[in-house]
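S.K.: mmCIF, C-alpha atoms and all ligand atoms, saved as target_38.cif, coming up:
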data_run
#
loop_
_atom_site.group_PDB
_atom_site.id
_atom_site.type_symbol
_atom_site.label_atom_id
_atom_site.label_comp_id
_atom_site.auth_asym_id
_atom_site.auth_seq_id
_atom_site.Cartn_x
_atom_site.Cartn_y
_atom_site.Cartn_z
ATOM 1 C CA MET T 48 -69.689 -7.620 -177.337
ATOM 2 C CA SER T 49 -71.123 -11.033 -178.037
ATOM 3 C CA GLU T 50 -68.650 -13.880 -178.174
ATOM 4 C CA LYS T 51 -67.942 -16.001 -181.244
ATOM 5 C CA ILE T 52 -66.159 -19.152 -180.162
ATOM 6 C CA LEU T 53 -64.319 -21.568 -182.422
ATOM 7 C CA VAL T 54 -63.532 -25.024 -181.030
ATOM 8 C CA ILE T 55 -61.021 -26.943 -183.149
ATOM 9 C CA GLY T 56 -60.966 -30.686 -182.485
ATOM 10 C CA ALA T 57 -64.576 -30.691 -181.309
ATOM 11 C CA ASN T 58 -65.152 -34.424 -181.816
ATOM 12 C CA GLY T 59 -62.586 -35.560 -179.279
ATOM 13 C CA GLN T 60 -62.964 -36.620 -175.669
ATOM 14 C CA ILE T 61 -62.689 -33.071 -174.306
ATOM 15 C CA GLY T 62 -64.090 -31.239 -177.342
ATOM 16 C CA THR T 63 -67.422 -33.084 -177.246
ATOM 17 C CA GLU T 64 -68.132 -31.940 -173.692
ATOM 18 C CA LEU T 65 -66.522 -28.523 -173.966
ATOM 19 C CA VAL T 66 -68.691 -27.604 -176.982
ATOM 20 C CA THR T 67 -71.826 -28.521 -175.027
ATOM 21 C CA ALA T 68 -70.698 -26.485 -172.012
ATOM 22 C CA LEU T 69 -69.788 -23.471 -174.153
ATOM 23 C CA ARG T 70 -73.083 -23.677 -176.074
ATOM 24 C CA ASN T 71 -75.007 -23.731 -172.801
ATOM 25 C CA GLN T 72 -73.097 -20.741 -171.565
ATOM 26 C CA TYR T 73 -72.799 -18.527 -174.655
ATOM 27 C CA GLY T 74 -75.658 -19.731 -176.887
ATOM 28 C CA ALA T 75 -75.573 -22.506 -179.465
ATOM 29 C CA GLU T 76 -75.098 -20.257 -182.500
ATOM 30 C CA GLN T 77 -72.111 -18.513 -180.924
ATOM 31 C CA VAL T 78 -70.051 -21.699 -180.720
ATOM 32 C CA ILE T 79 -68.660 -23.131 -183.963
ATOM 33 C CA ALA T 80 -67.548 -26.713 -183.552
ATOM 34 C CA SER T 81 -64.893 -27.891 -186.011
ATOM 35 C CA ASP T 82 -63.022 -31.106 -186.624
ATOM 36 C CA ILE T 83 -61.190 -32.993 -189.357
ATOM 37 C CA ASN T 84 -63.765 -35.809 -189.063
ATOM 38 C CA ASN T 85 -67.523 -35.934 -189.439
ATOM 39 C CA PRO T 86 -69.204 -34.449 -186.391
ATOM 40 C CA ALA T 87 -70.648 -36.626 -183.684
ATOM 41 C CA TYR T 88 -74.424 -36.540 -183.363
ATOM 42 C CA ALA T 89 -74.463 -34.351 -180.239
ATOM 43 C CA ILE T 90 -72.243 -31.745 -181.895
ATOM 44 C CA ARG T 91 -73.990 -31.731 -185.286
ATOM 45 C CA ASN T 92 -77.434 -31.327 -183.795
ATOM 46 C CA SER T 93 -76.716 -28.588 -181.332
ATOM 47 C CA GLY T 94 -75.143 -25.802 -183.413
ATOM 48 C CA PRO T 95 -72.842 -24.836 -186.297
ATOM 49 C CA PHE T 96 -70.090 -27.169 -187.532
ATOM 50 C CA GLU T 97 -67.172 -26.663 -189.944
ATOM 51 C CA PHE T 98 -64.498 -29.021 -191.183
ATOM 52 C CA ALA T 99 -61.015 -27.977 -190.079
ATOM 53 C CA ASN T 100 -57.564 -29.425 -190.603
ATOM 54 C CA VAL T 101 -55.020 -27.717 -188.353
ATOM 55 C CA LEU T 102 -52.223 -28.587 -190.752
ATOM 56 C CA ASP T 103 -53.969 -26.719 -193.583
ATOM 57 C CA LYS T 104 -53.385 -23.073 -192.765
ATOM 58 C CA GLU T 105 -55.471 -21.834 -195.711
ATOM 59 C CA ASN T 106 -58.437 -23.799 -194.479
ATOM 60 C CA LEU T 107 -57.964 -22.348 -190.979
ATOM 61 C CA HIS T 108 -57.517 -18.861 -192.410
ATOM 62 C CA HIS T 109 -60.853 -19.228 -194.157
ATOM 63 C CA LEU T 110 -62.515 -20.246 -190.866
ATOM 64 C CA PHE T 111 -61.037 -17.297 -188.975
ATOM 65 C CA HIS T 112 -62.022 -14.933 -191.780
ATOM 66 C CA LYS T 113 -65.562 -16.258 -192.005
ATOM 67 C CA HIS T 114 -66.333 -16.384 -188.272
ATOM 68 C CA GLN T 115 -63.996 -13.730 -186.789
ATOM 69 C CA PRO T 116 -63.813 -15.688 -183.518
ATOM 70 C CA THR T 117 -63.342 -13.801 -180.252
ATOM 71 C CA GLN T 118 -62.217 -17.034 -178.544
ATOM 72 C CA VAL T 119 -60.497 -20.095 -179.971
ATOM 73 C CA TYR T 120 -60.048 -23.468 -178.247
ATOM 74 C CA LEU T 121 -57.479 -25.640 -180.031
ATOM 75 C CA LEU T 122 -57.995 -29.242 -178.919
ATOM 76 C CA ALA T 123 -56.794 -31.169 -181.989
ATOM 77 C CA ALA T 124 -53.785 -33.255 -180.940
ATOM 78 C CA ILE T 125 -52.161 -36.669 -181.056
ATOM 79 C CA LEU T 126 -51.854 -38.074 -177.515
ATOM 80 C CA SER T 127 -49.024 -39.912 -175.796
ATOM 81 C CA ALA T 128 -49.489 -43.551 -176.824
ATOM 82 C CA THR T 129 -50.463 -42.829 -180.442
ATOM 83 C CA GLY T 130 -47.666 -40.271 -180.632
ATOM 84 C CA GLU T 131 -45.070 -42.981 -179.992
ATOM 85 C CA GLN T 132 -46.430 -44.917 -182.979
ATOM 86 C CA LYS T 133 -46.477 -41.860 -185.252
ATOM 87 C CA PRO T 134 -43.781 -39.583 -183.825
ATOM 88 C CA LYS T 135 -43.274 -37.299 -186.832
ATOM 89 C CA LEU T 136 -46.979 -36.820 -187.402
ATOM 90 C CA ALA T 137 -47.511 -36.120 -183.680
ATOM 91 C CA TRP T 138 -44.790 -33.466 -183.729
ATOM 92 C CA ASP T 139 -46.095 -31.920 -186.952
ATOM 93 C CA LEU T 140 -49.712 -31.818 -185.870
ATOM 94 C CA ASN T 141 -49.192 -30.797 -182.238
ATOM 95 C CA MET T 142 -46.625 -28.119 -183.090
ATOM 96 C CA ASN T 143 -47.620 -26.679 -186.429
ATOM 97 C CA GLY T 144 -51.307 -26.870 -185.579
ATOM 98 C CA LEU T 145 -50.605 -24.657 -182.572
ATOM 99 C CA ILE T 146 -48.370 -22.219 -184.450
ATOM 100 C CA HIS T 147 -50.980 -21.840 -187.211
ATOM 101 C CA VAL T 148 -53.654 -20.994 -184.662
ATOM 102 C CA LEU T 149 -51.414 -18.585 -182.714
ATOM 103 C CA ASP T 150 -50.507 -16.760 -185.941
ATOM 104 C CA LEU T 151 -54.123 -16.510 -187.061
ATOM 105 C CA ALA T 152 -55.233 -15.340 -183.610
ATOM 106 C CA VAL T 153 -52.708 -12.495 -183.860
ATOM 107 C CA GLU T 154 -53.709 -11.692 -187.456
ATOM 108 C CA PHE T 155 -57.445 -11.615 -186.712
ATOM 109 C CA GLY T 156 -57.220 -10.023 -183.261
ATOM 110 C CA THR T 157 -58.755 -13.019 -181.460
ATOM 111 C CA ALA T 158 -59.305 -11.899 -177.872
ATOM 112 C CA LYS T 159 -58.500 -15.217 -176.129
ATOM 113 C CA VAL T 160 -56.972 -18.557 -177.064
ATOM 114 C CA PHE T 161 -57.087 -21.795 -175.058
ATOM 115 C CA TRP T 162 -54.634 -24.604 -175.692
ATOM 116 C CA PRO T 163 -54.275 -27.723 -173.524
ATOM 117 C CA SER T 164 -50.968 -28.935 -172.215
ATOM 118 C CA SER T 165 -50.503 -32.053 -170.111
ATOM 119 C CA ILE T 166 -48.757 -33.751 -167.190
ATOM 120 C CA ALA T 167 -46.739 -35.335 -170.034
ATOM 121 C CA VAL T 168 -44.494 -32.236 -170.064
ATOM 122 C CA PHE T 169 -42.763 -33.732 -167.019
ATOM 123 C CA GLY T 170 -40.178 -36.483 -167.325
ATOM 124 C CA PRO T 171 -38.161 -39.049 -165.394
ATOM 125 C CA ASN T 172 -36.116 -36.411 -163.562
ATOM 126 C CA SER T 173 -39.037 -34.229 -162.533
ATOM 127 C CA PRO T 174 -40.078 -34.646 -158.877
ATOM 128 C CA LYS T 175 -42.773 -37.355 -158.773
ATOM 129 C CA GLN T 176 -44.781 -36.207 -155.744
ATOM 130 C CA ASN T 177 -46.563 -32.904 -155.679
ATOM 131 C CA THR T 178 -44.717 -31.952 -158.861
ATOM 132 C CA PRO T 179 -44.196 -28.188 -158.779
ATOM 133 C CA GLN T 180 -45.076 -25.710 -161.507
ATOM 134 C CA TYR T 181 -41.391 -25.036 -162.128
ATOM 135 C CA CYS T 182 -38.861 -27.880 -161.959
ATOM 136 C CA ILE T 183 -36.679 -30.061 -164.199
ATOM 137 C CA MET T 184 -38.731 -31.002 -167.246
ATOM 138 C CA ASP T 185 -37.226 -33.718 -169.430
ATOM 139 C CA PRO T 186 -40.201 -35.367 -171.160
ATOM 140 C CA ASN T 187 -39.220 -38.420 -173.193
ATOM 141 C CA THR T 188 -42.337 -38.888 -175.330
ATOM 142 C CA VAL T 189 -42.956 -36.961 -178.542
ATOM 143 C CA TYR T 190 -46.311 -35.930 -177.128
ATOM 144 C CA GLY T 191 -44.633 -34.643 -173.953
ATOM 145 C CA PHE T 192 -41.982 -32.589 -175.662
ATOM 146 C CA SER T 193 -44.420 -31.257 -178.240
ATOM 147 C CA LYS T 194 -46.546 -30.012 -175.323
ATOM 148 C CA LEU T 195 -43.521 -28.541 -173.556
ATOM 149 C CA ALA T 196 -42.418 -26.735 -176.734
ATOM 150 C CA GLY T 197 -46.027 -25.626 -177.251
ATOM 151 C CA GLU T 198 -46.061 -24.061 -173.783
ATOM 152 C CA ARG T 199 -42.958 -22.098 -174.731
ATOM 153 C CA TRP T 200 -44.679 -20.894 -177.929
ATOM 154 C CA CYS T 201 -47.743 -19.782 -175.955
ATOM 155 C CA GLU T 202 -45.664 -17.764 -173.522
ATOM 156 C CA TYR T 203 -43.689 -16.334 -176.435
ATOM 157 C CA TYR T 204 -46.782 -15.160 -178.329
ATOM 158 C CA HIS T 205 -48.082 -13.561 -175.152
ATOM 159 C CA ALA T 206 -44.776 -11.747 -174.603
ATOM 160 C CA LYS T 207 -44.122 -10.740 -178.223
ATOM 161 C CA HIS T 208 -47.626 -10.164 -179.536
ATOM 162 C CA GLY T 209 -49.681 -9.544 -176.401
ATOM 163 C CA LEU T 210 -51.844 -12.556 -177.307
ATOM 164 C CA ASP T 211 -54.112 -13.580 -174.425
ATOM 165 C CA VAL T 212 -53.361 -17.289 -174.565
ATOM 166 C CA ARG T 213 -54.197 -19.525 -171.601
ATOM 167 C CA SER T 214 -53.418 -23.137 -170.895
ATOM 168 C CA ILE T 215 -53.803 -25.994 -168.419
ATOM 169 C CA ARG T 216 -51.608 -29.050 -167.924
ATOM 170 C CA TYR T 217 -54.453 -31.549 -167.794
ATOM 171 C CA PRO T 218 -54.022 -34.739 -165.809
ATOM 172 C CA GLY T 219 -55.606 -37.946 -167.177
ATOM 173 C CA ILE T 220 -59.233 -37.086 -167.871
ATOM 174 C CA ILE T 221 -61.963 -39.581 -167.081
ATOM 175 C CA SER T 222 -65.279 -39.335 -168.902
ATOM 176 C CA TRP T 223 -68.045 -41.417 -170.422
ATOM 177 C CA LYS T 224 -69.609 -39.360 -173.250
ATOM 178 C CA ALA T 225 -66.882 -39.662 -175.906
ATOM 179 C CA ALA T 226 -64.101 -42.220 -176.177
ATOM 180 C CA PRO T 227 -60.569 -41.248 -175.131
ATOM 181 C CA GLY T 228 -58.046 -40.936 -177.953
ATOM 182 C CA GLY T 229 -54.858 -42.941 -177.570
ATOM 183 C CA GLY T 230 -53.510 -41.838 -174.194
ATOM 184 C CA THR T 231 -51.605 -43.570 -171.411
ATOM 185 C CA THR T 232 -54.313 -42.770 -168.867
ATOM 186 C CA ASP T 233 -57.059 -44.404 -170.987
ATOM 187 C CA TYR T 234 -57.033 -47.551 -168.826
ATOM 188 C CA ALA T 235 -58.976 -45.596 -166.212
ATOM 189 C CA ILE T 236 -61.839 -45.242 -168.705
ATOM 190 C CA HIS T 237 -61.647 -48.678 -170.358
ATOM 191 C CA ILE T 238 -61.899 -50.298 -166.930
ATOM 192 C CA PHE T 239 -65.437 -48.951 -166.423
ATOM 193 C CA TYR T 240 -66.664 -50.229 -169.809
ATOM 194 C CA GLU T 241 -65.210 -53.676 -169.169
ATOM 195 C CA ALA T 242 -66.452 -53.805 -165.581
ATOM 196 C CA LEU T 243 -69.992 -53.196 -166.793
ATOM 197 C CA LYS T 244 -69.828 -55.353 -169.918
ATOM 198 C CA THR T 245 -67.769 -58.341 -168.749
ATOM 199 C CA GLY T 246 -67.067 -57.926 -165.016
ATOM 200 C CA THR T 247 -63.318 -58.155 -165.534
ATOM 201 C CA TYR T 248 -60.505 -56.003 -166.926
ATOM 202 C CA GLN T 249 -56.865 -56.455 -167.852
ATOM 203 C CA SER T 250 -55.029 -53.224 -167.081
ATOM 204 C CA PHE T 251 -52.163 -52.260 -169.380
ATOM 205 C CA LEU T 252 -50.587 -50.367 -166.444
ATOM 206 C CA SER T 253 -49.296 -52.219 -163.398
ATOM 207 C CA ALA T 254 -51.240 -52.379 -160.116
ATOM 208 C CA ASN T 255 -49.329 -49.628 -158.305
ATOM 209 C CA THR T 256 -48.854 -47.098 -161.092
ATOM 210 C CA MET T 257 -50.048 -43.868 -159.499
ATOM 211 C CA LEU T 258 -51.069 -41.068 -161.882
ATOM 212 C CA PRO T 259 -52.833 -37.706 -161.543
ATOM 213 C CA MET T 260 -56.424 -37.885 -162.821
ATOM 214 C CA MET T 261 -59.553 -35.757 -163.037
ATOM 215 C CA TYR T 262 -63.236 -36.234 -163.793
ATOM 216 C CA MET T 263 -64.359 -34.435 -166.961
ATOM 217 C CA TYR T 264 -66.826 -32.268 -165.046
ATOM 218 C CA ASP T 265 -63.915 -30.758 -163.124
ATOM 219 C CA ALA T 266 -61.767 -30.419 -166.255
ATOM 220 C CA ILE T 267 -64.498 -28.435 -168.040
ATOM 221 C CA ARG T 268 -65.088 -26.303 -164.956
ATOM 222 C CA ALA T 269 -61.371 -25.561 -164.701
ATOM 223 C CA THR T 270 -61.167 -24.640 -168.377
ATOM 224 C CA LEU T 271 -64.113 -22.248 -168.209
ATOM 225 C CA SER T 272 -62.866 -20.650 -164.956
ATOM 226 C CA LEU T 273 -59.433 -20.071 -166.428
ATOM 227 C CA MET T 274 -60.910 -18.547 -169.587
ATOM 228 C CA GLU T 275 -63.274 -16.298 -167.610
ATOM 229 C CA ALA T 276 -60.658 -15.044 -165.141
ATOM 230 C CA PRO T 277 -59.571 -11.413 -165.563
ATOM 231 C CA ALA T 278 -56.398 -11.233 -167.673
ATOM 232 C CA GLU T 279 -54.492 -9.537 -164.850
ATOM 233 C CA ASN T 280 -54.992 -12.630 -162.650
ATOM 234 C CA ILE T 281 -53.250 -14.906 -165.136
ATOM 235 C CA SER T 282 -49.670 -15.022 -163.904
ATOM 236 C CA ILE T 283 -48.700 -18.087 -165.952
ATOM 237 C CA ARG T 284 -48.702 -17.858 -169.721
ATOM 238 C CA SER T 285 -47.044 -21.185 -170.401
ATOM 239 C CA SER T 286 -49.499 -23.597 -168.748
ATOM 240 C CA TYR T 287 -50.976 -24.108 -165.278
ATOM 241 C CA ASN T 288 -50.437 -27.238 -163.195
ATOM 242 C CA LEU T 289 -53.865 -28.642 -162.323
ATOM 243 C CA ALA T 290 -54.773 -31.428 -159.899
ATOM 244 C CA GLY T 291 -57.908 -33.399 -159.161
ATOM 245 C CA MET T 292 -57.015 -36.732 -157.565
ATOM 246 C CA SER T 293 -54.341 -39.421 -157.855
ATOM 247 C CA PHE T 294 -54.880 -43.173 -157.868
ATOM 248 C CA THR T 295 -53.459 -46.503 -159.042
ATOM 249 C CA PRO T 296 -55.201 -49.232 -161.096
ATOM 250 C CA ALA T 297 -55.433 -51.322 -157.887
ATOM 251 C CA GLN T 298 -57.108 -48.496 -155.975
ATOM 252 C CA LEU T 299 -59.542 -47.852 -158.817
ATOM 253 C CA ALA T 300 -60.377 -51.561 -158.994
ATOM 254 C CA GLU T 301 -61.007 -51.591 -155.215
ATOM 255 C CA GLN T 302 -63.374 -48.673 -155.576
ATOM 256 C CA ILE T 303 -65.270 -50.402 -158.403
ATOM 257 C CA LYS T 304 -65.546 -53.515 -156.222
ATOM 258 C CA GLN T 305 -67.362 -51.460 -153.598
ATOM 259 C CA GLN T 306 -70.225 -51.291 -156.063
ATOM 260 C CA MET T 307 -69.571 -54.440 -158.079
ATOM 261 C CA PRO T 308 -68.208 -57.039 -155.607
ATOM 262 C CA ASP T 309 -67.594 -59.621 -158.368
ATOM 263 C CA PHE T 310 -65.405 -57.348 -160.459
ATOM 264 C CA SER T 311 -61.878 -58.656 -161.000
ATOM 265 C CA ILE T 312 -58.734 -57.070 -162.416
ATOM 266 C CA SER T 313 -55.545 -58.513 -163.891
ATOM 267 C CA TYR T 314 -52.418 -56.812 -165.189
ATOM 268 C CA ALA T 315 -50.605 -57.088 -168.526
ATOM 269 C CA ASP T 316 -46.945 -58.108 -168.363
ATOM 270 C CA HIS T 317 -45.447 -55.793 -170.924
ATOM 271 C CA ASP T 318 -47.046 -52.762 -172.405
ATOM 272 C CA PRO T 319 -45.196 -49.802 -173.918
ATOM 273 C CA ARG T 320 -47.504 -47.413 -172.076
ATOM 274 C CA GLN T 321 -46.027 -48.527 -168.739
ATOM 275 C CA ALA T 322 -42.739 -46.735 -169.472
ATOM 276 C CA ILE T 323 -44.644 -43.575 -170.360
ATOM 277 C CA ALA T 324 -46.635 -43.709 -167.124
ATOM 278 C CA ASP T 325 -43.450 -44.358 -165.116
ATOM 279 C CA SER T 326 -41.934 -41.150 -166.475
ATOM 280 C CA TRP T 327 -44.864 -38.990 -165.338
ATOM 281 C CA PRO T 328 -45.717 -37.388 -161.981
ATOM 282 C CA GLN T 329 -47.796 -39.200 -159.381
ATOM 283 C CA SER T 330 -49.347 -36.050 -157.972
ATOM 284 C CA ILE T 331 -49.352 -32.373 -158.902
ATOM 285 C CA ASP T 332 -48.961 -29.121 -156.984
ATOM 286 C CA ASP T 333 -51.575 -26.771 -158.429
ATOM 287 C CA SER T 334 -51.337 -23.966 -155.875
ATOM 288 C CA GLN T 335 -50.915 -21.299 -158.568
ATOM 289 C CA ALA T 336 -54.256 -22.198 -160.185
ATOM 290 C CA LYS T 337 -55.853 -22.006 -156.732
ATOM 291 C CA THR T 338 -54.348 -18.586 -156.106
ATOM 292 C CA ASP T 339 -54.886 -17.049 -159.545
ATOM 293 C CA TRP T 340 -58.368 -18.261 -160.469
ATOM 294 C CA ASN T 341 -59.720 -19.981 -157.335
ATOM 295 C CA TRP T 342 -59.390 -23.527 -158.624
ATOM 296 C CA GLN T 343 -60.910 -26.227 -156.403
ATOM 297 C CA PRO T 344 -61.707 -29.759 -157.624
ATOM 298 C CA GLU T 345 -65.046 -31.314 -156.638
ATOM 299 C CA TYR T 346 -64.596 -34.985 -157.523
ATOM 300 C CA ASP T 347 -62.622 -37.572 -155.569
ATOM 301 C CA LEU T 348 -62.129 -41.232 -156.521
ATOM 302 C CA LYS T 349 -65.304 -42.433 -154.807
ATOM 303 C CA ARG T 350 -67.546 -39.868 -156.452
ATOM 304 C CA LEU T 351 -65.869 -40.338 -159.837
ATOM 305 C CA THR T 352 -66.432 -44.106 -159.672
ATOM 306 C CA GLU T 353 -70.095 -43.731 -158.724
ATOM 307 C CA GLU T 354 -70.737 -41.242 -161.534
ATOM 308 C CA MET T 355 -68.877 -43.265 -164.170
ATOM 309 C CA LEU T 356 -70.712 -46.502 -163.348
ATOM 310 C CA LYS T 357 -74.102 -44.819 -163.179
ATOM 311 C CA ASN T 358 -73.748 -42.812 -166.401
ATOM 312 C CA LEU T 359 -72.118 -45.568 -168.444
ATOM 313 C CA LYS T 360 -74.729 -48.059 -167.353
ATOM 314 C CA ASN T 361 -77.396 -45.764 -168.777
ATOM 315 C CA SER T 362 -75.566 -44.901 -171.960
ATOM 316 C CA LEU T 363 -74.718 -48.565 -172.674
ATOM 317 C CA ASN T 364 -78.324 -49.583 -171.905
ATOM 318 C CA LEU T 365 -77.226 -52.150 -169.328
HETATM 319 N N1 LIG F 401 -54.133 -38.322 -170.904
HETATM 320 C C1 LIG F 401 -53.074 -37.965 -171.783
HETATM 321 C C2 LIG F 401 -52.372 -39.167 -172.275
HETATM 322 O O1 LIG F 401 -52.419 -40.165 -171.599
HETATM 323 C C3 LIG F 401 -52.093 -37.101 -171.060
HETATM 324 O O2 LIG F 401 -52.225 -35.795 -171.458
HETATM 325 O O3 LIG F 401 -51.756 -39.111 -173.294
#
Is it possible to give me this structure as structure tokens?
Ligand code: SER

M.R.:
Amino acid sequence: MSEKILVIGANGQIGTELVTALRNQYGAEQVIASDINNPAYAIRNSGPFEFANVLDKENLHHLFHKHQPTQVYLLAAILSATGEQKPKLAWDLNMNGLIHVLDLAVEFGTAKVFWPSSIAVFGPNSPKQNTPQYCIMDPNTVYGFSKLAGERWCEYYHAKHGLDVRSIRYPGIISWKAAPGGGTTDYAIHIFYEALKTGTYQSFLSANTMLPMMYMYDAIRATLSLMEAPAENISIRSSYNLAGMSFTPAQLAEQIKQQMPDFSISYADHDPRQAIADSWPQSIDDSQAKTDWNWQPEYDLKRLTEEMLKNLKNSLNL
């Protein structure tokens, strides 16, 4: 059977690159990109596009009815920093958007659903190092507890309705094609733009704030591997821990200096995102992803830094 894949939230940081990867793999016409906003050039010119608002169930129903997707990727979300500014909207969108899609997937017999969770599901009392799959989870951001509740809904729909829903707890994702959207880990992208444009960067996180991170190439690879794995291998129906690398702003700055010796970094005194970062893990135990679907990251900090500087330099015409 040929696949029909609906990607909701296709204009975002992950959506932009996931749509391209899926179109390469399954054929451009098989992958319907959708978003609440006008499509980015790369999306519009490479295959079908539909407007979608995850809070409008009728609109989503129409999309499911029209395209009868075999796979749905729901990426529309409000991230951690923006979520603290608009807590009720973040809860509404992250939660009801997911429930709408899960319901429609059951109604239309969608074979597989992907929904991203995050390291933000952990909180101040979760172990910070090598954070295990199962431990105390007391997230204190709206984004974090909407993701944790969402994981529970995913597992519930799998148990009650047999829905094949799969999920990853993404670490901070570093990429250069589309801008990041209001997260706590965004500093690790901004720093590359500022290094290239001005040679200096003020980090909103402090020098030694260690967080789990991943290059987009690995994040897309992980997502596709999870979605292609045989259903019987998927032992976790809430969301898989996933690790790439961990680093601090100071370590990232050091790595940039290897290639740009004049680069300098400074640190903001007070930023609300610091408290969010302090409540999150520093590194993640992803042994279950390794066991169940052979996960292995390819990028470390050195390779990530080289790729980011090289690609951004080209795309910014510097
Ligand atoms: N990168 C996201 C954020 O910072 C975490 O999922 O909000």

S.K.: Could you check how far atom O2 of ligand LIG 401 (chain F) sits from atom CA of Phe111 of chain T, in Å to one decimal?

M.R.: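 Computed distance, atom O2 of ligand LIG 401 (chain F) to atom CA of Phe111 of chain T, equals 27.0 Å.
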
S.K.: Run the PyMOL selection byres (((chain T and resi 336-350) around 8) and not hetatm) mentally over the shown coordinates, then write out the matched residues as a list in words, using the chain letters and numbers from the document.

M.R.: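 When the PyMOL selection byres (((chain T and resi 336-350) around 8) and not hetatm) is applied to the shown file, the picked residues are Met261, Tyr262, Asp265, Ala269, Ser272, Leu273, Ala276, Asn280, Ile281, Ser282, Tyr287, Asn288, Leu289, Ala290, Gly291, Met292, Phe294, Leu299, Gln302, Asp333, Ser334, Gln335, Leu351, Thr352, Glu353 and Glu354 of chain T.
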
S.K.: So how far away is atom CA of Phe251 of chain T from atom CA of Ala315 of chain T, in Å?

M.R.: 5.1 Å

S.K.: So which residues are near ligand LIG 401 (chain F), meaning at most 10 Å away with all atoms listed in the file counted, given back as a PyMOL selection string?

M.R.: chain T and resi 124-130+163-168+188+190-191+194+216-221+227-235+258-261+320+323-324+327

S.K.: For the atom pair atom CA of Asp332 of chain T and atom CA of Gln180 of chain T, what is the interatomic distance in Å to one decimal place?

M.R.: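 Between these atoms lies a distance of 6.9 Å.
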
S.K.: Taking the file as shown, find all residues satisfying the PyMOL selection byres (((chain T and resi 64) around 10) and not hetatm) and write them as a list of chain:residue names.

M.R.: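 Applying the expression gives T:Ala57, T:Asn58, T:Gly59, T:Gln60, T:Ile61, T:Gly62, T:Thr63, T:Leu65, T:Val66, T:Thr67, T:Ala68, T:Leu69, T:Arg70, T:Ala89, T:Ile90, T:Ser222, T:Lys224, T:Ala225, T:Met263, T:Tyr264, T:Ala266, T:Ile267.
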